[in-house]
Structure formats: C-alpha cells, structure tokens
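Written out below as structure tokens is the structure these notes cover.
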Protein chains: 2
Amino acid sequence: MKQKTMHKNFLQKAEDLLTSCQLRKTHPRLEILRALLQTNCPLTQEQIAERIGSRSPDKTTIYRTLMTLMQHNLVHQAYLKGRARYFEPAGRCRADQCHPHFTCTSCGKTHCFYDAEIPAVRNIPAGFLVRHSQLRLEGLCANCQNDSACQPDPDNS
Amino acid sequence: MKQKTMHKNFLQKAEDLLTSCQLRKTHPRLEILRALLQTNCPLTQEQIAERIGSRSPDKTTIYRTLMTLMQHNLVHQAYLKGRARYFEPAGRCRADQCHPHFTCTSCGKTHCFYDAEIPAVRNIPAGFLVRHSQLRLEGLCANCQNDSACQPDPDNS
DNA sequence: AAGTAGTTGCAACTAAGTTGCAAGAAAAAC
DNA sequence: GTTTTTCTTGCAACTTAGTTGCAACTACTT
Ligand SMILES: [Zn+2]
Ligand SMILES: [Zn+2]
Ligand SMILES: [Zn+2]
Ligand SMILES: [Zn+2]
C-alpha cells in the first residue's frame with residue numbers, strides 16, 4: 001500500500017516536472033525521471049536502465065533524455081570517481097551550491113548529504129567570479145567503520 | 001637562461017621524487033613527472049603527451065606510470081567536467097583536502113586555487129567519517145567577465 | 001481524424017582507458 | 001664491466017562509456 005502510494009507520487013511528480021517545462025510526457029521521460037526521483041543517490045545511465053527493468057528505453061534515449069532534462073534544469077550531474085557520468089534530480093540543491101556527495105573509500109557507495117552546507121571558501125584569487133560550487137567528500141561510512149575487515153583502499157580510482 | 005634553470009629544476013625535482021619512493025628513474029617517468037610539475041593546472045593523458053612532444057611515451061605507458069605515481073602519492077586525480085581523467089602532482093594539497101579547482105563556464109579553462117581553503121562543512125550526517133574533501137568551483141574567469149561576447153554556457157558538460 | 005513537430009530505437013561510430021605479452025632497460029650481483 | 005635479475009615499455013587488440021545519423025514513430029495540435 002505505502003509502496004504503491006509512493007510510486008504514484010513519484011510518477012505524478014515526474015509528470016508535473018515535465019509539464020512545468022512544457023516537455024512532452026513520453027514514456028521514456030516519465031520512467032527516467034521517476035527512477036531518479038525514487039532514489040537518493042546519483043545514478044549512471046546503466047543504473048537507470050536496471051531500475052526501469054525490461055521496459056527500459058534504449059541507452060541512446062536515456063542519454064538524450066538526460067541531456068534534455070539537464071537543459072531544462074530538472075536534472076544535473078554529480079562528479080564522482082570513475083569514468084561514468086552520474087545524474088540526479090536538480091532541485092535538491094541551492095542555486096549557488098550542490099549538496100555534497102560522500103563516497104566511502106571502502107565499500108564505494110555514494111551518499112547525498114542534502115542538509116550539509118559548504119561555507120564560503122576563503123582566499124579566492126582576485127578576478128574570479130564564482131557562481132557555483134560542488135563538494136566531494138571521501139571517508140568511511142558507518143558500516144565500514146564497524147566492520148574491521150573494511151579498510152580504506154588507497155588505489156580505487 | 002632562466003628557462004633552462006627552471007627546466008633543470010623540475011627535472012631534478014622529478015628525480016628526487018622518484019628516489020624518495022625507491023622507483024626506477026626511467027625516461028618516461030621523468031618526462032611525465034616533469035610535465036606535471038611544470039604546469040599549474042591538471043592535465044589529461046593526451047595533454048601530457050602533447051607537452052612531452054615527439055619523444056612522448058606510449059599512452060599505455062603514460063596511464064601505467066600515472067597509476068604507479070598515484071600509488072606512491074606523488075600524483076593524484078582532479079575530478080573535473082568531461083569524461084577524461086585529470087592528473088596533477090600531489091603535494092600541493094593538505095592531507096585532508098585538495099586545493100579547489102575553478103573551471104570557467106565560458107572559456108572552459110581550469111585553474112588551481114592553491115591558497116584557497118575549504119572551511120569545515122556543517123551538518124555532516126552522524127556516523128560518517130570524512131577523511132578527505134575536494135571542491136569544484138564554476139564561474140567566470142577575469143577574461144570572460146570583461147569580454148562581453150563571453151556568456152556562461154549552460155550546457156557544456 | 002489528419003497533420004506536424006518533436007521523440008525514439010537501431011546500428012554504426014568515436015573517445016578514453018585497459019590488458020596480455022614479447023622485447024627492452026635499470027639496478028643488482030658477480 | 002659483464003652478466004643476471006627484475007622491473008618497465010610499446011604494440012596490438014580489446015573494453016567501456018558515450019555519440020551520431022536516420023528512418024520509423026507518437027504526443028500534441030487543429
Ligand atoms: Zn562503506
Ligand atoms: Zn546527490
Ligand atoms: Zn574564462
Ligand atoms: Zn589543482
């Protein structure tokens with residue numbers, strides 16, 4: 001029951017977001033947006049496809065849809081380790097700064113710190129106009145601190 | 001003269017760094033380290049090869065050398081826009097935080113803010129042990145603020 | 001219901017990075 | 001200073017992540 005309600009809500013929210021940007025409410029867009037809204041960490045194209053499952057759109061469509069959603073500021077990228085691009089809903093950040101992302105060096109999981117705040121940076125060189133900032137944090141998550149077998153891995157890139 | 005002196009110094013520094021890690025002082029390692037030490041912004045494999053010029057090692061060697069240098073903490077990665085990996089000498093950062101990187105949204109150039117400092121982040125969720133932080137800044141560089149033709153480009157990824 | 005403009009899937013392609021392995025070069029041993 | 005050992009390199013082939021062109025399709029408009 002509760003599941004179904006949440007499900008409905010995310011789909012409804014996806015529709016509302018598309019409407020607000022005057023974008024067509026196509027099946028791929030609704031599914032992709034819903035997948036992003038349902039999770040609380042940034043996802044790659046492949047992870048989005050996995051979560052949608054067998055009805056997932058082609059990867060080309062996923063990338064093109066993400067580009068469209070980024071152009072309309074419904075989605076943005078997080079810059080994490082590794083070569084893949086990570087996407088998440090915009091609108092969980094302030095205009096001048098994204099929420100920080102924490103990646104555990106032991107288990108590799110990334111968490112969004114929605115409520116953490118980046119204080120103003122000191123000693124910005126003269127002449128630069130800073131408009132936006134993003135913070136990447138690394139360390140150990142609660143699980144990996146407790147589990148003695150988990151030690152930070154110095155060469156995971 | 002001054003050029004030659006600086007040149008000599010960077011090569012000497014590269015040798016010293018390799019010695020300090022008990023790594024063999026091979027031609028590719030010296031050239032790659034020197035290329036990184038000579039510049040003041042992070043470089044991709046391709047940019048390193050360009051700067052070394054015709055005597056540049058194979059790209060496989062460049063990547064493998066960078067991995068080796070990272071394992072010995074002589075080099076680390078910067079996480080910037082785009083798909084390529086960027087490398088720079090370690091040792092221009094504090095242990096708990098890298099120096100911030102500023103990327104101009106208009107011209108795309110990246111600058112290292114060696115002296116800027118990230119104040120402690122507030123509201124880190126309980127249970128997480130933060131060991132390291134990296135800050136990415138975006139905005140307009142001095143040139144692009146003055147040049148009226150330069151406007152921030154919302155969709156350069 | 002028909003028209004139109006925007007969207008999708010497929011196949012082929014590109015860019016960035018990795019792997020296996022034989023040949024080559026540093027350092028160590030003699 | 002030559003030999004031996006061990007580490008390092010270059011090449012070719014491969015993988016992964018993302019992009020492009022284009023014909024078929026579908027959401028919205030009239
Ligand atoms: Zn962990
Ligand atoms: Zn996030
Ligand atoms: Zn600029
Ligand atoms: Zn830097």
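Chain labels follow the order of the structure tokens: the first chain is A, the next B, and so on; residue numbering restarts at 1 in every chain, and ligands are counted from 1 in their shown order.
Neighbours of ligand 2 at a cut-off of 10 Å, computed so that only C-alpha atoms (C1' of nucleotides) and all ligand atoms are counted, are the residues Thr39, Asn40, Cys41, Pro42, Leu43, His76, Gln77, Ala78, Tyr79, Tyr86, Phe87, Glu88, Pro89, Ala90, Arg92, Cys93, Cys98, His99, Pro100, His101, Phe102, Thr110, His111, Cys112, Phe113 and Tyr114 of chain A.
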Worksheet item: Do you know which residues are within 12 Å of ligand 1 using only C-alpha atoms (C1' of nucleotides) and all ligand atoms? Can you write them as number ranges by chain?
Response: A: 102-111, 138-153; B: 127-130
Practice prompt. Counting only C-alpha atoms (C1' of nucleotides), collect the residues of chain C whose closest atom lies at most 10 Å from chain A, and write them out as number ranges by chain.
Written response: C: 6-10, 16-17
Discussion item. Please return, as a PyMOL selection string, all residues of segment 7-99 of chain A that DSSP assigns to strand (DSSP E) on the basis of the backbone.
Written reply: chain A and resi 75-78+86-89
How would the residues just chosen look if you wrote them out with N, CA, C and O atoms as a PDB file, in the first residue's frame?
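Now in result34.pdb:
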```pdb
ATOM      1  N   VAL A  75      17.419  18.057 -14.050  1.00  0.00           N
ATOM      2  CA  VAL A  75      18.422  17.051 -13.691  1.00  0.00           C
ATOM      3  C   VAL A  75      19.783  17.717 -13.794  1.00  0.00           C
ATOM      4  O   VAL A  75      19.960  18.658 -14.554  1.00  0.00           O
ATOM      5  N   HIS A  76      20.724  17.260 -12.968  1.00  0.00           N
ATOM      6  CA  HIS A  76      22.106  17.692 -13.182  1.00  0.00           C
ATOM      7  C   HIS A  76      23.060  16.549 -12.896  1.00  0.00           C
ATOM      8  O   HIS A  76      22.658  15.468 -12.497  1.00  0.00           O
ATOM      9  N   GLN A  77      24.343  16.810 -13.138  1.00  0.00           N
ATOM     10  CA  GLN A  77      25.348  15.769 -12.977  1.00  0.00           C
ATOM     11  C   GLN A  77      26.052  15.908 -11.652  1.00  0.00           C
ATOM     12  O   GLN A  77      26.264  17.010 -11.159  1.00  0.00           O
ATOM     13  N   ALA A  78      26.450  14.757 -11.109  1.00  0.00           N
ATOM     14  CA  ALA A  78      27.361  14.777  -9.965  1.00  0.00           C
ATOM     15  C   ALA A  78      28.709  14.284 -10.468  1.00  0.00           C
ATOM     16  O   ALA A  78      28.767  13.405 -11.325  1.00  0.00           O
ATOM     17  N   TYR A  86      27.243  10.550 -13.596  1.00  0.00           N
ATOM     18  CA  TYR A  86      26.170  10.315 -12.637  1.00  0.00           C
ATOM     19  C   TYR A  86      25.163  11.448 -12.713  1.00  0.00           C
ATOM     20  O   TYR A  86      25.541  12.607 -12.801  1.00  0.00           O
ATOM     21  N   PHE A  87      23.882  11.049 -12.629  1.00  0.00           N
ATOM     22  CA  PHE A  87      22.802  12.026 -12.752  1.00  0.00           C
ATOM     23  C   PHE A  87      21.888  11.954 -11.552  1.00  0.00           C
ATOM     24  O   PHE A  87      21.693  10.885 -10.967  1.00  0.00           O
ATOM     25  N   GLU A  88      21.313  13.095 -11.198  1.00  0.00           N
ATOM     26  CA  GLU A  88      20.338  13.125 -10.110  1.00  0.00           C
ATOM     27  C   GLU A  88      19.395  14.289 -10.358  1.00  0.00           C
ATOM     28  O   GLU A  88      19.692  15.178 -11.145  1.00  0.00           O
ATOM     29  N   PRO A  89      18.239  14.276  -9.680  1.00  0.00           N
ATOM     30  CA  PRO A  89      17.309  15.380  -9.866  1.00  0.00           C
ATOM     31  C   PRO A  89      17.945  16.678  -9.389  1.00  0.00           C
ATOM     32  O   PRO A  89      18.602  16.698  -8.346  1.00  0.00           O
TER      33      PRO A  89
END
```
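For segment 21-28 of chain C, the residues within 9 Å (counting only C-alpha atoms (C1' of nucleotides), excluding itself and residues fewer than 6 positions away along the chain) are Arg24, Lys25 and Thr26 of chain B; DT4, DT5, DT6, DC7, DT8, DT9 and DG10 of chain D.
The closest residue to chain A, picked from D:DC11, D:DT30, D:DA24, D:DA17 and counting only C-alpha atoms (C1' of nucleotides), is D:DA17.
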Practice prompt. Within 12 Å of DA13 of chain D, counting only C-alpha atoms (C1' of nucleotides), which residues show up once you throw out same-chain ones fewer than 6 positions away? Write them as a ChimeraX atom specification, please.
Written response: /C:18-21
Practice prompt. May I have the residues within 10 Å of DT14 of chain C as a PyMOL selection string, using only C-alpha atoms (C1' of nucleotides) and disregarding those fewer than 2 positions away in the same chain?
Written response: (chain C and resi 16) or (chain D and resi 18-20)
Worksheet item: If you run DSSP on the backbone, which residues of chain B are helix (DSSP H, G or I), as a count of residues only?
Response: 60
Worksheet item: Contacts of Ile62 of chain B at 10 Å or less, counting only C-alpha atoms (C1' of nucleotides), minus same-chain residues fewer than 3 places along, as a list of chain:residue names?
Response: B:Pro28, B:Arg29, B:Glu31, B:Ile32, B:Thr44, B:Gln45, B:Glu46, B:Ile48, B:Ala49, B:Ser56, B:Pro57, B:Asp58, B:Lys59, B:Thr65, B:Leu66, B:Met67, B:Thr68
